[in-house]
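To start, the structure under review is shown below, and the notes come after it.
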Number of protein chains: 6
Amino acid sequence: MKAKTPSESQTVMTEIVLPNDTNNLKNLFGGQLLSWMDRCAAIAAHRHCRRIVVTASVNNVSFNKAIPQGAIVTLEAKVSRAFSSSMEVFVDVYIEDQTISGKKSKANEAIYTFVAVDQLGNPINIPAITPETELEKDRYDGALRRRQLSLILSGKMEPSEATELKALFLDEEGQ
Amino acid sequence: MKAKTPSESQTVMTEIVLPNDTNNLKNLFGGQLLSWMDRCAAIAAHRHCRRIVVTASVNNVSFNKAIPQGAIVTLEAKVSRAFSSSMEVFVDVYIEDQTISGKKSKANEAIYTFVAVDQLGNPINIPAITPETELEKDRYDGALRRRQLSLILSGKMEPSEATELKALFLDEEGQ
Amino acid sequence: MKAKTPSESQTVMTEIVLPNDTNNLKNLFGGQLLSWMDRCAAIAAHRHCRRIVVTASVNNVSFNKAIPQGAIVTLEAKVSRAFSSSMEVFVDVYIEDQTISGKKSKANEAIYTFVAVDQLGNPINIPAITPETELEKDRYDGALRRRQLSLILSGKMEPSEATELKALFLDEEGQ
Amino acid sequence: MKAKTPSESQTVMTEIVLPNDTNNLKNLFGGQLLSWMDRCAAIAAHRHCRRIVVTASVNNVSFNKAIPQGAIVTLEAKVSRAFSSSMEVFVDVYIEDQTISGKKSKANEAIYTFVAVDQLGNPINIPAITPETELEKDRYDGALRRRQLSLILSGKMEPSEATELKALFLDEEGQ
Amino acid sequence: MKAKTPSESQTVMTEIVLPNDTNNLKNLFGGQLLSWMDRCAAIAAHRHCRRIVVTASVNNVSFNKAIPQGAIVTLEAKVSRAFSSSMEVFVDVYIEDQTISGKKSKANEAIYTFVAVDQLGNPINIPAITPETELEKDRYDGALRRRQLSLILSGKMEPSEATELKALFLDEEGQ
Amino acid sequence: MKAKTPSESQTVMTEIVLPNDTNNLKNLFGGQLLSWMDRCAAIAAHRHCRRIVVTASVNNVSFNKAIPQGAIVTLEAKVSRAFSSSMEVFVDVYIEDQTISGKKSKANEAIYTFVAVDQLGNPINIPAITPETELEKDRYDGALRRRQLSLILSGKMEPSEATELKALFLDEEGQ
């Protein structure tokens, strides 16, 4: 299978925050944003492999910025790295200033993992990723570390095997 | 403020998986489940502090089990630990066997963090948690470790300061 | 078929009243509550018999209390009595005070009847109910009277045959 | 206030049964129909009095006919009788044969009661009803009997005071 | 196939404008109204031919009047003319004054074209239309002109062949 | 006010066709697509002027291609021309082949007109458009002709004044 670039899977979604999407402060529910990000990331994963994809996991996501009712929310997703049958997908979320400037600012970022499956739900092989830009290369490199962390947290890997991740803590020890 | 028990915040939601909630394999979208879990966890957080709560973060969530269209999904959320103005909430997700036995099995588990805010969106103090059962005590203890991991991943803490978490890797080194 | 207790079918649903669920006074539409109660009762009926269930009728329901936008609504349903293939289900609806006390109060109560059917839609036999608590026994006893009333109102029974119900009026005559 | 006729409040709604409205037999959920009937009846009540109306109660409703996915459902509501601030509204539900004939048949009928309120939610006076057709007259006459039954069932009237209703049972005694 | 009258296909829909249907001025989104009009027109088209119908085109639609949140919107659709397998459908949209008068006024009007198809999506023949009222006759006559315009705009007809339409411009030339 | 380019208003939306969006052939409802196109076009119009925008009209839209359930639909909108307070917006709709190729093809195209308004709903001035690409220039030029047609059809202009449009028919006369 021929490798693909992240930009071949790029997916853009634009949403308006409606009253039913908001809490008592009239800001977007975190859960609604999680659902939009999953949908956007799933389409990017599908575009990478052109097969049915199912959400395998969501990484630690932080909600730093309140997004008000009426805001225009833009989501951009790209596959950052592909393993044998799973893909890591980055979703960047932007909002636009509601003044005349319309300045776009980053509201959020999330990392989802998807698995490509056949009609019976069995995992299948997918193309590799060849990162192009600096950001794509950084995210490609980090994907392995995040995968180890995820395997440890779900009890599928011993911390001692997580060589990439362990370095993070040992470095701090001055070794 | 008087401490509260996790069971005082317990929240149960029951949902049926409808056609619009499913992908091409007729299984529940991950994003829809994330949205339900957020809503359930937010109500538990609200019940703990009786103030407006906003989603601060979602921990690593794995989707291990496909949940088919028509399934009855039960979500149970409880606050596991409270910090000054933030709360960690566990959500356990169960589905029922569609045969005559109706056997309930665990499908999923997620950890959300919420912050209690006043009408202007500023953080406010909330009651502490006093865990009662063994499971509640385990989750209470783990909350500190997860908080450190989350602070490191978002760049708000140096790995060297994360004493709870570092032990996890150093123990494996036999030190 | 072994009889079951009402608590084996207990179903809890928690909902937040969103803007689209409300009228011009920003209170919950009666019809939205009827729909939630039906869904909650249907799951309880399903849990009693583990078969497909269809709504057969709804009893006289009163809406005594306005439920405001943003309120947390808890629905609790239990099968109160089973006949050959039909079940009577009670749904109790609670709301929580939006002050710091969060005091729970009863907003509503409704009685639905469901029929268990096979894949072709034909009625099938279901387990009997063995009530346990005082409230469950009261509701079990009342179910027969309500069934007669329902049969009379739908023209399927003559008032003279409704022995349970007739007593209600004759007692008042001092007989 | 000038009395009005039932036809002045007539309200017609047409709905298509979509996948999300159906159960595992691909028939319309009872709760969805209850919600549509409430919305249709509320508009009829509003048209009678041109004020905010809130659902006060729903009468015994039977679901005799399964309504399949894709069916076209027509709801017709009219105020049948007005009391000082409350209105009884009949909703007739029809479906159309999915063959070339398109024959319309009655699927259902329900009776809702609404109260007209001011901006503070306090009941206000409304116009009386002058029935015109035979069916309208029948429904107008029956409204009083149903009102007594409803008051007895909610504990607001003693059975001995329900003269209209008692006659129903005593007649059967041959007195 | 026996011709039918426009009134045999008449379809009425009543909707309430909910918060999620509105923009920042709390007026109905144009797109929501377009969607309601399509659904109403599709049912009218289906009632004319009792077959599956698919939207073929929408004519120039103007939105002259803002429709506020909470408004009651009534849509009335009727087939205005039938060609071999396609139908033109008029949709008239009314709103009611929110004062005590409840005066109905026209908000909008749109013209949709539908094609009747078999289970494979192939066009099939449908009954002709026999207009009855003056308005129905006017709309019937105009349908041919609109059809030519539509064919020209989609490049399927040369302007020189559009005899009906050309007259419109040539008349203005004083010829 | 400084003129802007069409690409400054470019808006991309990606949608998946869900079961509730489809008719009995499991193809997307025309009305659902019209609603998505309106939302996408409205955001593009808003991005051009950064003010509240309301739909003024929709041009003749043809639905040439059935879009099946599960399809990924991409909508791209750009302002094609701005008049004093109104904007013409083109929406291009693409679907992707569901085979491994994922080949993108055009499904549809629509032209909407929006008006920019202040908080009271009064029209306000907006920046002009400077087209850049060949396609943008073509669409810019055609906008005037479409505006005349729209004014004639809504009775706001005499055919004799529509110089741009009349040429279309007269040319065919060989004059």
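By convention in this document, the chains of the structure tokens carry letters A, B, ... by their order, each chain's residues are numbered from 1, and ligands are numbered from 1 in the order they are shown.
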
Tyr112 of chain C environment, 6 Å, only C-alpha atoms, sequence neighbours closer than 5 positions dropped, as a ChimeraX atom specification | /C:57-58,88-89

Kindly save the residues from that selection, with N, CA, C and O atoms included, as a short mmCIF file (atom, residue, chain, number, x, y, z; two decimals), in the first residue's frame.
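Dumped everything to again_25.cif:
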```cif
data_model
loop_
_atom_site.label_atom_id
_atom_site.label_comp_id
_atom_site.auth_asym_id
_atom_site.auth_seq_id
_atom_site.Cartn_x
_atom_site.Cartn_y
_atom_site.Cartn_z
N SER C 57 -51.11 2.06 26.00
CA SER C 57 -51.92 3.21 26.42
C SER C 57 -51.21 4.02 27.49
O SER C 57 -50.25 3.57 28.10
N VAL C 58 -51.70 5.23 27.66
CA VAL C 58 -51.22 6.12 28.71
C VAL C 58 -52.43 6.49 29.53
O VAL C 58 -53.47 6.83 28.98
N GLU C 88 -48.29 -2.87 33.33
CA GLU C 88 -48.51 -1.50 33.74
C GLU C 88 -47.20 -0.98 34.34
O GLU C 88 -46.55 -1.67 35.12
N VAL C 89 -46.79 0.23 33.93
CA VAL C 89 -45.53 0.80 34.40
C VAL C 89 -45.79 2.17 35.02
O VAL C 89 -46.46 3.01 34.42
#
```

Check every residue of chain C for an atom within 12 Å of chain E, counting only C-alpha atoms, and provide those that qualify as a PyMOL selection string.
-> chain C and resi 18-26+29

Atoms to include: C-alpha atoms. Write the selected residues as a PDB file, in the first residue's frame.
```pdb
ATOM      1  CA  LEU C  18     -32.708  22.526  26.930  1.00  0.00           C
ATOM      2  CA  PRO C  19     -33.991  25.666  25.131  1.00  0.00           C
ATOM      3  CA  ASN C  20     -35.678  23.625  22.369  1.00  0.00           C
ATOM      4  CA  ASP C  21     -37.700  21.714  24.981  1.00  0.00           C
ATOM      5  CA  THR C  22     -39.415  24.831  26.330  1.00  0.00           C
ATOM      6  CA  ASN C  23     -42.391  27.093  25.600  1.00  0.00           C
ATOM      7  CA  ASN C  24     -42.585  30.910  25.687  1.00  0.00           C
ATOM      8  CA  LEU C  25     -42.470  30.919  29.519  1.00  0.00           C
ATOM      9  CA  LYS C  26     -39.216  28.927  29.265  1.00  0.00           C
ATOM     10  CA  PHE C  29     -43.325  21.331  27.014  1.00  0.00           C
TER      11      PHE C  29
END
```

From the DSSP assignment of the backbone, select every residue of segment 22-117 of chain E that is helix (DSSP H, G or I), and format the answer as a PDB file with N, CA and C atoms, in the first residue's frame.
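Result written to states_39.pdb:
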```pdb
ATOM      1  N   GLY E  30     -33.268  31.020   7.109  1.00  0.00           N
ATOM      2  CA  GLY E  30     -33.842  30.724   5.799  1.00  0.00           C
ATOM      3  C   GLY E  30     -33.749  29.244   5.462  1.00  0.00           C
ATOM      4  N   GLY E  31     -32.652  28.615   5.810  1.00  0.00           N
ATOM      5  CA  GLY E  31     -32.440  27.212   5.470  1.00  0.00           C
ATOM      6  C   GLY E  31     -33.407  26.281   6.167  1.00  0.00           C
ATOM      7  N   GLN E  32     -33.805  26.646   7.387  1.00  0.00           N
ATOM      8  CA  GLN E  32     -34.778  25.816   8.098  1.00  0.00           C
ATOM      9  C   GLN E  32     -36.119  25.889   7.388  1.00  0.00           C
ATOM     10  N   LEU E  33     -36.481  27.091   6.937  1.00  0.00           N
ATOM     11  CA  LEU E  33     -37.751  27.243   6.222  1.00  0.00           C
ATOM     12  C   LEU E  33     -37.707  26.484   4.893  1.00  0.00           C
ATOM     13  N   LEU E  34     -36.564  26.549   4.199  1.00  0.00           N
ATOM     14  CA  LEU E  34     -36.428  25.810   2.938  1.00  0.00           C
ATOM     15  C   LEU E  34     -36.618  24.312   3.165  1.00  0.00           C
ATOM     16  N   SER E  35     -36.121  23.826   4.282  1.00  0.00           N
ATOM     17  CA  SER E  35     -36.230  22.416   4.590  1.00  0.00           C
ATOM     18  C   SER E  35     -37.677  22.032   4.903  1.00  0.00           C
ATOM     19  N   TRP E  36     -38.372  22.872   5.700  1.00  0.00           N
ATOM     20  CA  TRP E  36     -39.789  22.606   5.976  1.00  0.00           C
ATOM     21  C   TRP E  36     -40.603  22.638   4.682  1.00  0.00           C
ATOM     22  N   MET E  37     -40.340  23.637   3.812  1.00  0.00           N
ATOM     23  CA  MET E  37     -41.094  23.769   2.561  1.00  0.00           C
ATOM     24  C   MET E  37     -40.863  22.536   1.686  1.00  0.00           C
ATOM     25  N   ASP E  38     -39.642  22.028   1.650  1.00  0.00           N
ATOM     26  CA  ASP E  38     -39.342  20.839   0.849  1.00  0.00           C
ATOM     27  C   ASP E  38     -40.127  19.635   1.356  1.00  0.00           C
ATOM     28  N   ARG E  39     -40.169  19.483   2.682  1.00  0.00           N
ATOM     29  CA  ARG E  39     -40.872  18.342   3.268  1.00  0.00           C
ATOM     30  C   ARG E  39     -42.362  18.426   2.970  1.00  0.00           C
ATOM     31  N   CYS E  40     -42.935  19.629   3.113  1.00  0.00           N
ATOM     32  CA  CYS E  40     -44.365  19.830   2.868  1.00  0.00           C
ATOM     33  C   CYS E  40     -44.686  19.580   1.393  1.00  0.00           C
ATOM     34  N   ALA E  41     -43.840  20.127   0.505  1.00  0.00           N
ATOM     35  CA  ALA E  41     -44.062  19.967  -0.937  1.00  0.00           C
ATOM     36  C   ALA E  41     -43.901  18.505  -1.346  1.00  0.00           C
ATOM     37  N   ALA E  42     -42.962  17.807  -0.724  1.00  0.00           N
ATOM     38  CA  ALA E  42     -42.732  16.402  -1.072  1.00  0.00           C
ATOM     39  C   ALA E  42     -43.950  15.552  -0.720  1.00  0.00           C
ATOM     40  N   ILE E  43     -44.600  15.869   0.413  1.00  0.00           N
ATOM     41  CA  ILE E  43     -45.789  15.099   0.792  1.00  0.00           C
ATOM     42  C   ILE E  43     -46.918  15.384  -0.198  1.00  0.00           C
ATOM     43  N   ALA E  44     -47.065  16.659  -0.614  1.00  0.00           N
ATOM     44  CA  ALA E  44     -48.091  16.986  -1.612  1.00  0.00           C
ATOM     45  C   ALA E  44     -47.834  16.220  -2.915  1.00  0.00           C
ATOM     46  N   ALA E  45     -46.566  16.199  -3.344  1.00  0.00           N
ATOM     47  CA  ALA E  45     -46.214  15.492  -4.579  1.00  0.00           C
ATOM     48  C   ALA E  45     -46.516  13.993  -4.433  1.00  0.00           C
ATOM     49  N   HIS E  46     -46.181  13.452  -3.270  1.00  0.00           N
ATOM     50  CA  HIS E  46     -46.465  12.037  -3.009  1.00  0.00           C
ATOM     51  C   HIS E  46     -47.969  11.768  -3.042  1.00  0.00           C
ATOM     52  N   ARG E  47     -48.746  12.695  -2.482  1.00  0.00           N
ATOM     53  CA  ARG E  47     -50.199  12.498  -2.456  1.00  0.00           C
ATOM     54  C   ARG E  47     -50.793  12.547  -3.861  1.00  0.00           C
ATOM     55  N   HIS E  48     -50.147  13.301  -4.753  1.00  0.00           N
ATOM     56  CA  HIS E  48     -50.660  13.360  -6.129  1.00  0.00           C
ATOM     57  C   HIS E  48     -50.437  12.023  -6.842  1.00  0.00           C
ATOM     58  N   CYS E  49     -49.279  11.423  -6.655  1.00  0.00           N
ATOM     59  CA  CYS E  49     -48.949  10.227  -7.453  1.00  0.00           C
ATOM     60  C   CYS E  49     -48.812   8.937  -6.639  1.00  0.00           C
TER      61      CYS E  49
END
```

Spatial neighbours of Glu96 of chain C, 12 Å, only C-alpha atoms, chain gap at least 4 places, as a PyMOL selection string = (chain B and resi 43+46-47+50) or (chain C and resi 14-16+67-68+70-75+100-107)

Got time to write the residues from that selection, C-alpha atoms, as a PDB file, in the first residue's frame?
```
ATOM      1  CA  ILE B  43     -24.811  16.513  36.334  1.00  0.00           C
ATOM      2  CA  HIS B  46     -23.311  19.852  39.630  1.00  0.00           C
ATOM      3  CA  ARG B  47     -24.893  17.628  42.290  1.00  0.00           C
ATOM      4  CA  ARG B  50     -24.801  22.787  43.254  1.00  0.00           C
TER       5      ARG B  50
ATOM      6  CA  THR C  14     -31.711  11.980  33.938  1.00  0.00           C
ATOM      7  CA  GLU C  15     -32.366  14.819  31.513  1.00  0.00           C
ATOM      8  CA  ILE C  16     -31.533  18.532  31.361  1.00  0.00           C
ATOM      9  CA  ILE C  67     -40.331  22.628  35.071  1.00  0.00           C
ATOM     10  CA  PRO C  68     -37.978  25.481  34.071  1.00  0.00           C
ATOM     11  CA  GLY C  70     -31.953  24.235  32.782  1.00  0.00           C
ATOM     12  CA  ALA C  71     -33.677  22.011  35.364  1.00  0.00           C
ATOM     13  CA  ILE C  72     -32.374  18.512  35.989  1.00  0.00           C
ATOM     14  CA  VAL C  73     -35.230  16.045  35.585  1.00  0.00           C
ATOM     15  CA  THR C  74     -34.981  12.512  36.988  1.00  0.00           C
ATOM     16  CA  LEU C  75     -37.408   9.847  35.806  1.00  0.00           C
ATOM     17  CA  ILE C 100     -27.530  25.152  47.053  1.00  0.00           C
ATOM     18  CA  SER C 101     -29.836  22.664  48.830  1.00  0.00           C
ATOM     19  CA  GLY C 102     -30.657  20.814  45.604  1.00  0.00           C
ATOM     20  CA  LYS C 103     -33.752  19.457  47.348  1.00  0.00           C
ATOM     21  CA  LYS C 104     -35.492  16.828  45.217  1.00  0.00           C
ATOM     22  CA  SER C 105     -39.256  17.179  44.811  1.00  0.00           C
ATOM     23  CA  LYS C 106     -41.843  15.195  42.899  1.00  0.00           C
ATOM     24  CA  ALA C 107     -43.006  16.949  39.752  1.00  0.00           C
TER      25      ALA C 107
END
```

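For the atom pair formed by atom CA of Arg145 of chain A and atom CA of Val79 of chain A, the distance is 16.0 Å, given to one decimal.
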
So how many Å separate atom CA of Val53 of chain F and atom CA of Asp118 of chain F, to one decimal?
->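 Going from atom CA of Val53 of chain F over to atom CA of Asp118 of chain F, I get 8.7 Å.
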